[in-house]
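Let me begin by presenting the structure, written as structure tokens, before commenting on it.
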Amino acid sequence: MFIRTKHDAKLNRTRIQIVESVRTGSKVRQKILRHVGVAHNDSEIEDIKRLAGRLMEQLRIDRSPQMELFTPTEYADLQALVRRAPRPDKLGVDLAECREEARVSLGLRDVMGTMYDQLGWGALLGAARKSANRIVKELVMARIAQPESKRATVEALENQAGITLNLDVVYRSMDYINTPVIDGICKTSHAAAEKLLGGPVTVLFYDCTTLAFDTEREDPAEDADGVEQDHLLAKGFSKDGKHPDFRPFC
């Protein structure tokens with residue numbers, strides 16, 4: 001979505017429109033969303049473009065369920081202010097010589113880490129195992145941001161967050177997550193969900209993108225009375241490329 005100006009030299013006027021690019025098959029065309037106005041000089045063009053910016057931000061907000069920090073008018077005014085701001089002729093540095101030394105991501109840890117602590121998981125493995133609790137928390141945060149193996153997670157934490165963990169200690173910390181700890185996690189999560197929803201949990205959806213299911217028996221296409229039924233348990237190609245006749249060793 002953007003603002004388009006079309007100058008009519010014959011009538012000496014400029015039309016300001018809000019348009020967006022729409023793909024139809026292999027072709028891309030511009031669809032007019034709003035005719036904002038017609039200007040006859042540079043001053044009118046700037047005024048109408050400022051109005052178009054506010055209308056465009058309102059259109060964008062109406063399309064998105066996300067809450068906005070600023071109003072459409074504030075967004076448009078900030079954009080106009082940035083466009084009018086003087087730009088220095090020289091930055092004082094040669095950007096071609098700049099090299100990245102480190103990258104640190106903090107936002108996820110600030111938000112999800114606070115939720116993690118509020119659920120009481122800061123002492124998940126017991127109050128005495130402070131180091132193991134810290135490691136498990138870092139693994140959970142990393143898992144949310146970028147799911148990988150434990151070895152890759154340790155490398156990512158050091159490269160992207162500046163957090164150094166010993167891989168052997170990570171494996172030992174995971175050994176503390178036994179059946180009683182897992183049961184406690186499940187109970188805490190269930191209680192938090194019920195409190196958030198204001199009632200019992202009746203349906204649970206979960207992502208099984210990286211999971212594979214295997215069966216020796218398929219659902220019959222018909223029940224005992226010959227009535228067609230949902231054929232949910234059936235052989236098929238999985239996302240990771242396993243053949244329908246693939247059977248893992250048990």
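Residues are named by chain letter and number: chains run A, B, ... in the order of the structure tokens, numbers start at 1 in each chain, and ligands are numbered from 1 in the order shown.
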Skipping near chain neighbours, those fewer than 5 positions away, what residues fall within 8 Å of Val136 (chain A) using only C-alpha atoms, listed as number ranges by chain? A: 170, 173-174
Could you please write out, as a PyMOL selection string, every residue of region 9-215 of chain A that DSSP assigns to alpha helix (DSSP H)? chain A and resi 42-63+72-84+107-118+130-145+150-161+167-174+179-197
As a PyMOL selection string, which residues of region 10-125 of chain A does DSSP assign to strand (DSSP E or B)? chain A and resi 13-24+27-39
Contacts of Leu108 (chain A) at 9 Å or less, counting only C-alpha atoms, minus same-chain residues fewer than 5 places along, as a PyMOL selection string? chain A and resi 113+141+144-145
Which region 70-118 of chain A residues have any atom within 12 Å of an atom of region 123-132 of chain A, and for each, what is the nearest pair of atoms with distance in Å to one decimal, counting only C-alpha atoms, rows sorted by chain and number, as JSON lines?
{"residue": "A:Tyr116", "atom": "CA", "partner": "A:Leu124", "partner_atom": "CA", "distance": 10.0}
{"residue": "A:Asp117", "atom": "CA", "partner": "A:Ala123", "partner_atom": "CA", "distance": 8.5}
{"residue": "A:Gln118", "atom": "CA", "partner": "A:Ala123", "partner_atom": "CA", "distance": 10.9}
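If you count only C-alpha atoms and ignore residues fewer than 6 places along the chain from region 190-207 of chain A, what sits within 12 Å of it is Met115, Tyr116, Gln118, Leu119, Gly120, Asp183 and Gly184 of chain A.
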Could you write those residues out with all heavy atoms, as a short mmCIF file (atom, residue, chain, number, x, y, z; two decimals), in the first residue's frame?
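The file below, part10.cif, is the result:
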data_model
loop_
_atom_site.label_atom_id
_atom_site.label_comp_id
_atom_site.auth_asym_id
_atom_site.auth_seq_id
_atom_site.Cartn_x
_atom_site.Cartn_y
_atom_site.Cartn_z
N MET A 115 7.13 -14.21 32.30
CA MET A 115 6.03 -15.17 32.39
C MET A 115 6.52 -16.49 33.00
O MET A 115 5.83 -17.10 33.82
CB MET A 115 5.43 -15.41 31.01
CG MET A 115 4.75 -14.20 30.40
SD MET A 115 4.14 -14.52 28.73
CE MET A 115 3.01 -15.87 29.04
N TYR A 116 7.71 -16.91 32.59
CA TYR A 116 8.31 -18.14 33.11
C TYR A 116 8.45 -18.06 34.63
O TYR A 116 8.09 -18.99 35.36
CB TYR A 116 9.67 -18.31 32.44
CG TYR A 116 10.39 -19.60 32.74
CD1 TYR A 116 10.27 -20.70 31.89
CD2 TYR A 116 11.20 -19.71 33.86
CE1 TYR A 116 10.96 -21.87 32.15
CE2 TYR A 116 11.89 -20.89 34.13
CZ TYR A 116 11.77 -21.97 33.27
OH TYR A 116 12.45 -23.13 33.54
N GLN A 118 6.82 -15.98 36.67
CA GLN A 118 5.50 -15.84 37.29
C GLN A 118 4.79 -17.18 37.45
O GLN A 118 3.99 -17.37 38.38
CB GLN A 118 4.64 -14.88 36.48
CG GLN A 118 5.07 -13.42 36.60
CD GLN A 118 4.22 -12.49 35.73
OE1 GLN A 118 3.45 -12.94 34.88
NE2 GLN A 118 4.38 -11.20 35.95
N LEU A 119 5.09 -18.13 36.58
CA LEU A 119 4.52 -19.46 36.69
C LEU A 119 5.22 -20.29 37.77
O LEU A 119 4.81 -21.42 38.06
CB LEU A 119 4.60 -20.19 35.35
CG LEU A 119 3.63 -19.72 34.27
CD1 LEU A 119 3.98 -20.32 32.92
CD2 LEU A 119 2.19 -20.09 34.65
N GLY A 120 6.27 -19.75 38.35
CA GLY A 120 6.98 -20.44 39.41
C GLY A 120 8.01 -21.43 38.93
O GLY A 120 8.47 -22.29 39.70
N ASP A 183 5.27 -33.78 35.76
CA ASP A 183 3.89 -33.72 36.29
C ASP A 183 3.60 -32.35 36.88
O ASP A 183 2.50 -31.80 36.72
CB ASP A 183 3.68 -34.81 37.35
CG ASP A 183 3.65 -36.21 36.76
OD1 ASP A 183 3.45 -36.31 35.52
OD2 ASP A 183 3.84 -37.18 37.52
N GLY A 184 4.59 -31.77 37.58
CA GLY A 184 4.40 -30.44 38.15
C GLY A 184 4.24 -29.38 37.08
O GLY A 184 3.41 -28.47 37.22
#
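Residue nearest Ile182 (chain A) within the list A:Trp121, A:Gly92, A:Ile3, A:Arg13: A:Trp121 [criterion: smallest interatomic distance, only C-alpha atoms].
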I'd like the neighbourhood of Asn12 (chain A) as a PyMOL selection string, where a residue qualifies if any of its atoms comes within 12 Å (using only C-alpha atoms), though same-chain residues fewer than 2 positions away should be ignored. chain A and resi 6-10+14-15+38-42
Please dump the current selection as a tab-separated table (two decimals), in the first residue's frame; keep C-alpha atoms.
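File again.tsv, as written:
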chain	number	residue	atom	x	y	z
A	6	LYS	CA	-0.47	11.30	-11.17
A	7	HIS	CA	0.19	14.61	-12.91
A	8	ASP	CA	-2.12	15.74	-15.71
A	9	ALA	CA	-0.04	18.16	-17.78
A	10	LYS	CA	-2.98	19.11	-19.98
A	14	THR	CA	-2.10	16.33	-9.82
A	15	ARG	CA	-4.25	13.52	-8.49
A	38	VAL	CA	-6.67	16.89	-6.69
A	39	ALA	CA	-3.90	19.47	-6.23
A	40	HIS	CA	-2.97	22.46	-8.41
A	41	ASN	CA	0.33	23.47	-6.79
A	42	ASP	CA	3.13	22.07	-4.62
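Using only C-alpha atoms, the residues found no farther than 9 Å from Gly53 (chain A), other than those of its own chain fewer than 6 positions away, are Phe2, Ile3, Ile18, Pro72, Thr73, Tyr75, Ala76, Asp77, Gln79 and Ala80 of chain A.
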